[in-house]
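A.B. asks: If you scroll down you'll find the structure; I have some questions about it.
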There are 2 protein chains.
Amino acid sequence: MNGAESLLQTLLQGGIDTCFMNPGTSEIHFVDALERAPKMRGIPCLFEGVASGAADGYARMTGKPASTLLHLGPGLSNALANLHNACRARVPLINIVGDHATFHRSYETPLAADIEALARPYSAWLRTCRSAADVGRDCAEAIAAARTGLGRIATLILPADAAWGDGGMVGSTLQPAASPLPDETQIAACANVLARRGRVALVLGASLASGAALTVAGRVAAATGAKLLCPFAFTRMERGAARPPVERIAYVTEQAIAQLKDFESLVLVGAPPPVSFFGHPDKPSVLTSGQTEVLTLAGAQEDCASALSALATLVGAEKYQPSFQKSERPPLPRGEITIAGLAQAVGALLPEDAVVVDESITSGRGMLSATAGAPAHDWLVNTGGSIGVGLPLAVGAAIACPQRPVLCLEADGSAMYTPQALWTAARENLNITTVIFANRAYAILKAELASAAANPGNRSLDLLEIGRPDIDWVSLAGSVGVPGCRVSSLEEFANALNRGLENDGPGLIEVPL
Amino acid sequence: MNGAESLLQTLLQGGIDTCFMNPGTSEIHFVDALERAPKMRGIPCLFEGVASGAADGYARMTGKPASTLLHLGPGLSNALANLHNACRARVPLINIVGDHATFHRSYETPLAADIEALARPYSAWLRTCRSAADVGRDCAEAIAAARTGLGRIATLILPADAAWGDGGMVGSTLQPAASPLPDETQIAACANVLARRGRVALVLGASLASGAALTVAGRVAAATGAKLLCPFAFTRMERGAARPPVERIAYVTEQAIAQLKDFESLVLVGAPPPVSFFGHPDKPSVLTSGQTEVLTLAGAQEDCASALSALATLVGAEKYQPSFQKSERPPLPRGEITIAGLAQAVGALLPEDAVVVDESITSGRGMLSATAGAPAHDWLVNTGGSIGVGLPLAVGAAIACPQRPVLCLEADGSAMYTPQALWTAARENLNITTVIFANRAYAILKAELASAAANPGNRSLDLLEIGRPDIDWVSLAGSVGVPGCRVSSLEEFANALNRGLENDGPGLIEVPL
């Protein structure tokens, strides 16, 4: 057994059976070993940012890590922007990064790079294998590290001779380290605040607005009258009819301040204290005022689920059922395309069990409220502010949930970062309907420029336009095998959306704005 | 004057008037300041890898730095793969990376990142501005650092409040530090070896196969009978009729060993000792045998040009004229498309003064020999092995040399890394003819797999195919405003190539293989 074979067997034994990959020469023995590991699904990506973003989406929907396969420093570099997002999402993820053979690393070659230095900023666990005999054990440690707590990024650097060398051994599966439970007094302090039944909100970070954590939080809310909030950048929200409603903290500083100002207390569960996305000249960074006490139930590195359960016990929430969002949909809109009408159409048509990936930026601001009472579904957003994660997230979510329709709401500027994801969607025949909001601009930046400069000039504004030439999204999608259409009314949009969500396989709808 | 204004004025005063940019909110004051700096040309890029690759191409053709404008850690991350290539090319380049306002950096926000850690691996000079008052001086230092020696990457991190803050001052232009001249005995040793008139080659690294250095090397060759070689990964070669011929060291290990084995001595000028691109199980890394003595005239960090001149004096080369490549072109080929025929067509039609960007990988291996005697032209290749640099390099070269036709020879797998460059080519109406060699595969990896595995399996091979769906390059180019055509014979290719090279503006030719 060579090192690459031991790596694949260790991954499979650890429950990791999906690899988003873009290999090169230094990873060719891994590719060869895949032939003899039929349970590992290798998914080709034509750019590494697709691989890392897809691994993030996969982890958000399964709760377990996928692996990437990346080609030395440059392959890792191309993956970094979406690893930044994945790091903020606190998902488990395992990068396998090939490197030169150990005997070749000391030479000045074109691809020589300090891979560890490049990996370190986004890797909670990082190691370079020394030899084939170490690969299995190293990989087992990487898996345990990735599965620690809410989820972490582990990066394993695999020199080519550690991959091709004999003496590989499957690594024994290791238990992830337990996350520490927060101090009891901290939990009790939160319980006391909640027991007062004042204006209190629980702020659910990372993926805590989904799964068992959401149910427990919903019981606490029902027992204490607390509201459930989540940061603007959340990992995964289970929402819609018959789910406890969670309100997202607004992006726009003034709106967020208004949203938070009447709370006497905020209880943070794996969430950072609310701060604005960017700092601005005359605006505060911190979104809460002195009137609002901010308590931490559990930090993201602590055992948030157990802390929530302990809190529920202290406030006597077990006997409560969460208050559920009632089922309601807006009527199907008609007529000219408007931002509000598009949101209404999505709200009217979103099917049960859909996964929505939302990187619609300014064009999608009405989407969450229009879909609040739609049938139960999942909502994923950009967690790190690095645009270009939407299309890859949709790929990963569709691989993770082949039976569920994936709706990707995508801004044109963001989509152009990782259009290669559409090819993987076609290659794997993924059930993804992508809606491109084509406003032909970095519209959010035009708003920022308007607030930074009294009279924004034409030279500056022109640099924020991404039209001239306008991108033809139907042609672009078609060029990589994804059928598309362009709509010019809300009726056409609704029809196209329905068709897309009902069809298997990928499709794209361009919405000129 | 705010910090951003002082930055732009300092750049312009230092001779830097081109900025390849993808700004975000934290860079909005830079965008605003561009309004009042009409001599600075801002070129929008829809992905940061286009910006860094274009800045590399610009520097290769002008010898001076362009600047990039990048959005925090993620924007820089997306630029890194082509910064890797630029670092290996030893070109001057200045990154301006926006960051959060200093008062906002301590908060846990989605975009918070250790930008310095991300920049360090590829930055010879790196600094974070402390305040608006420091920006001009910091920028002047960045320019001097970038212009040191053959060229370096300087990265200036600009917090948003240093950009918008008052008190900016234009930084005084600084002299780059002089590169050290190699020890005289080292130069004398090389001269002695050359004076023996044995089988000796000068190996010209980085961009030393162009400009004055090439002429001096050509005189030395004429005086001593030495041959001129360059590494496989070279920055810029001036070649064709009436230029001293320089032979590229082969990519394939066995071919390179055969090419070098009869030399008694190699004299390295800013080039590393010849080693294979990758290490392989049963192949040597070092391409020269014990029979070949390898001497260094000057390392890349030393003053290579002066060392070459000193060498020329010692061997009495001033009175020699370089031997020139004679003018010759292959005849126009006819019939079915073949790799050899495509190279022949390029050789037959390449116009005088063309700039060729060659990232054709396996499909272009005959190009250099077929064009050896074409009218004088420049040739740029991938210097760091990070694919996806070709289309951006072409953008940078075309911005640098608006009067010259740019021919971009591009593999389909590599082109899919940075297709966004085509949009910038359309937006700026750049004179670039892109030829896509569409073999629908990572063909080089299929060859590597064949040598790694006795019987490569279908699962493995399938992961190296980038067809199914085939990418329709004509549609893809058209979707971003670049007119394209697909050719099915060498006659059609020749006609399309001629049209493309004669027309202003961008065009694309898809060559199915």
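Each chain in the structure tokens gets a letter, A, B and so on, in the order shown; residues start at 1 in every chain, and ligands are counted from 1 in the order they appear.
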Would you please give, as a ChimeraX atom specification, all residues of region 265-477 of chain A that DSSP assigns to strand (DSSP E or B) based on the backbone?
C.D. replies: /A:265-269,275,286,293-298,355-359,377-381,406-411,432-438,441,465
A.B. asks: Now that the selection is made, can you save its residues with N, CA, C and O atoms as a short mmCIF file (atom, residue, chain, number, x, y, z; two decimals), in the first residue's frame?
C.D. replies:
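See selection_5.cif below for the written result:
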```cif
data_model
loop_
_atom_site.label_atom_id
_atom_site.label_comp_id
_atom_site.auth_asym_id
_atom_site.auth_seq_id
_atom_site.Cartn_x
_atom_site.Cartn_y
_atom_site.Cartn_z
N SER A 265 -30.86 42.88 26.72
CA SER A 265 -29.71 41.95 26.76
C SER A 265 -29.65 41.12 25.49
O SER A 265 -30.69 40.76 24.92
N LEU A 266 -28.45 40.84 25.09
CA LEU A 266 -28.20 39.87 24.03
C LEU A 266 -27.39 38.72 24.63
O LEU A 266 -26.41 38.97 25.34
N VAL A 267 -27.80 37.51 24.34
CA VAL A 267 -27.05 36.33 24.80
C VAL A 267 -26.43 35.66 23.58
O VAL A 267 -27.14 35.18 22.69
N LEU A 268 -25.11 35.69 23.52
CA LEU A 268 -24.39 35.19 22.35
C LEU A 268 -24.13 33.69 22.47
O LEU A 268 -23.57 33.24 23.47
N VAL A 269 -24.52 32.95 21.45
CA VAL A 269 -24.27 31.50 21.43
C VAL A 269 -23.41 31.21 20.20
O VAL A 269 -23.90 31.15 19.07
N VAL A 275 -21.13 43.60 15.40
CA VAL A 275 -20.37 44.76 14.91
C VAL A 275 -20.69 44.93 13.43
O VAL A 275 -21.13 44.00 12.76
N VAL A 286 -19.45 49.11 16.80
CA VAL A 286 -20.28 48.24 17.65
C VAL A 286 -21.75 48.62 17.46
O VAL A 286 -22.11 49.79 17.48
N GLU A 293 -27.01 45.02 27.40
CA GLU A 293 -25.97 44.18 28.01
C GLU A 293 -25.70 43.00 27.06
O GLU A 293 -26.64 42.37 26.58
N VAL A 294 -24.44 42.73 26.79
CA VAL A 294 -24.11 41.62 25.89
C VAL A 294 -23.43 40.52 26.70
O VAL A 294 -22.35 40.74 27.27
N LEU A 295 -24.08 39.36 26.79
CA LEU A 295 -23.52 38.23 27.55
C LEU A 295 -23.14 37.12 26.58
O LEU A 295 -23.79 36.95 25.54
N THR A 296 -22.14 36.35 26.95
CA THR A 296 -21.77 35.21 26.13
C THR A 296 -22.16 33.93 26.85
O THR A 296 -21.68 33.64 27.94
N LEU A 297 -23.06 33.17 26.21
CA LEU A 297 -23.37 31.84 26.75
C LEU A 297 -22.22 30.88 26.45
O LEU A 297 -21.75 30.14 27.32
N ALA A 298 -21.76 30.90 25.19
CA ALA A 298 -20.65 30.03 24.80
C ALA A 298 -19.97 30.65 23.59
O ALA A 298 -20.64 31.14 22.68
N VAL A 355 -32.90 23.90 -0.76
CA VAL A 355 -31.72 24.54 -0.17
C VAL A 355 -31.48 25.82 -0.96
O VAL A 355 -31.30 25.77 -2.17
N VAL A 356 -31.52 26.94 -0.26
CA VAL A 356 -31.29 28.22 -0.93
C VAL A 356 -29.88 28.69 -0.60
O VAL A 356 -29.50 28.77 0.58
N VAL A 357 -29.10 28.96 -1.62
CA VAL A 357 -27.78 29.58 -1.45
C VAL A 357 -27.95 31.03 -1.89
O VAL A 357 -28.35 31.28 -3.03
N ASP A 358 -27.67 31.93 -1.00
CA ASP A 358 -28.00 33.33 -1.25
C ASP A 358 -26.74 34.19 -1.24
O ASP A 358 -26.18 34.51 -0.19
N GLU A 359 -26.28 34.54 -2.45
CA GLU A 359 -25.20 35.53 -2.58
C GLU A 359 -25.71 36.62 -3.52
O GLU A 359 -25.04 37.02 -4.47
N HIS A 377 -37.26 24.93 4.62
CA HIS A 377 -36.11 24.91 3.70
C HIS A 377 -34.87 25.35 4.45
O HIS A 377 -34.95 25.78 5.61
N ASP A 378 -33.71 25.26 3.79
CA ASP A 378 -32.45 25.73 4.37
C ASP A 378 -31.96 26.96 3.62
O ASP A 378 -32.21 27.09 2.42
N TRP A 379 -31.26 27.80 4.34
CA TRP A 379 -30.74 29.04 3.74
C TRP A 379 -29.26 29.15 4.09
O TRP A 379 -28.88 29.08 5.26
N LEU A 380 -28.41 29.29 3.08
CA LEU A 380 -26.97 29.45 3.28
C LEU A 380 -26.53 30.78 2.69
O LEU A 380 -26.98 31.15 1.61
N VAL A 381 -25.65 31.47 3.40
CA VAL A 381 -25.16 32.75 2.87
C VAL A 381 -23.62 32.81 2.94
O VAL A 381 -22.97 31.93 3.51
N VAL A 406 -31.80 22.72 -5.23
CA VAL A 406 -30.95 23.81 -4.75
C VAL A 406 -31.26 25.05 -5.59
O VAL A 406 -31.25 24.98 -6.82
N LEU A 407 -31.55 26.14 -4.91
CA LEU A 407 -31.79 27.41 -5.58
C LEU A 407 -30.65 28.35 -5.22
O LEU A 407 -30.43 28.63 -4.04
N CYS A 408 -29.92 28.78 -6.22
CA CYS A 408 -28.77 29.66 -5.98
C CYS A 408 -29.12 31.07 -6.45
O CYS A 408 -29.31 31.30 -7.64
N LEU A 409 -29.22 32.00 -5.51
CA LEU A 409 -29.55 33.40 -5.80
C LEU A 409 -28.24 34.17 -5.83
O LEU A 409 -27.58 34.32 -4.80
N GLU A 410 -27.88 34.65 -7.00
CA GLU A 410 -26.49 35.06 -7.19
C GLU A 410 -26.39 36.42 -7.88
O GLU A 410 -27.00 36.65 -8.93
N ALA A 411 -25.59 37.30 -7.30
CA ALA A 411 -25.30 38.59 -7.95
C ALA A 411 -24.33 38.38 -9.10
O ALA A 411 -23.47 37.50 -9.04
N ILE A 432 -29.43 22.14 -9.55
CA ILE A 432 -29.23 23.53 -9.09
C ILE A 432 -29.88 24.49 -10.08
O ILE A 432 -29.57 24.44 -11.27
N THR A 433 -30.74 25.33 -9.58
CA THR A 433 -31.27 26.42 -10.40
C THR A 433 -30.58 27.70 -9.96
O THR A 433 -30.71 28.11 -8.80
N THR A 434 -29.84 28.29 -10.86
CA THR A 434 -29.09 29.50 -10.52
C THR A 434 -29.81 30.71 -11.10
O THR A 434 -30.13 30.73 -12.29
N VAL A 435 -30.10 31.68 -10.24
CA VAL A 435 -30.69 32.93 -10.69
C VAL A 435 -29.60 34.00 -10.64
O VAL A 435 -28.99 34.21 -9.58
N ILE A 436 -29.31 34.60 -11.79
CA ILE A 436 -28.30 35.67 -11.82
C ILE A 436 -29.03 37.02 -11.85
O ILE A 436 -29.77 37.32 -12.78
N PHE A 437 -28.81 37.81 -10.82
CA PHE A 437 -29.35 39.17 -10.78
C PHE A 437 -28.35 40.07 -11.50
O PHE A 437 -27.30 40.41 -10.95
N ALA A 438 -28.69 40.42 -12.73
CA ALA A 438 -27.71 41.10 -13.59
C ALA A 438 -27.96 42.60 -13.58
O ALA A 438 -28.61 43.15 -14.46
N ALA A 441 -23.31 45.84 -12.33
CA ALA A 441 -22.55 46.77 -11.50
C ALA A 441 -22.19 46.11 -10.18
O ALA A 441 -22.82 45.13 -9.77
N GLU A 465 -18.84 49.75 -12.66
CA GLU A 465 -19.79 49.18 -13.62
C GLU A 465 -19.16 47.92 -14.20
O GLU A 465 -18.00 47.93 -14.62
#
```
A.B. asks: Do a neighbour search on Tyr58 (chain A) at 9 Å with only C-alpha atoms, toss out local chain neighbours closer than 6 positions, and write the hits as a PyMOL selection string.
C.D. replies: chain A and resi 18+64-66+393-401
A.B. asks: Taking into account only C-alpha atoms, which residue in the set A:Leu287, A:Ala242, A:Ala300, A:Leu174 is nearest to Ala256 (chain A)?
C.D. replies: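 When distances to Ala256 (chain A) are compared using only C-alpha atoms, the smallest one comes from A:Leu287.
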A.B. asks: Which is closest to chain B among A:Arg137, A:Arg196, A:Arg236, A:Lys283, if we use only C-alpha atoms?
C.D. replies: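 Residue with the minimum atom-to-atom distance to chain B: A:Lys283.
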A.B. asks: Measuring between only C-alpha atoms, which one of B:Leu449, B:Ala133, B:Ala370, B:Ala271 shows the shortest distance to chain A?
C.D. replies: B:Leu449
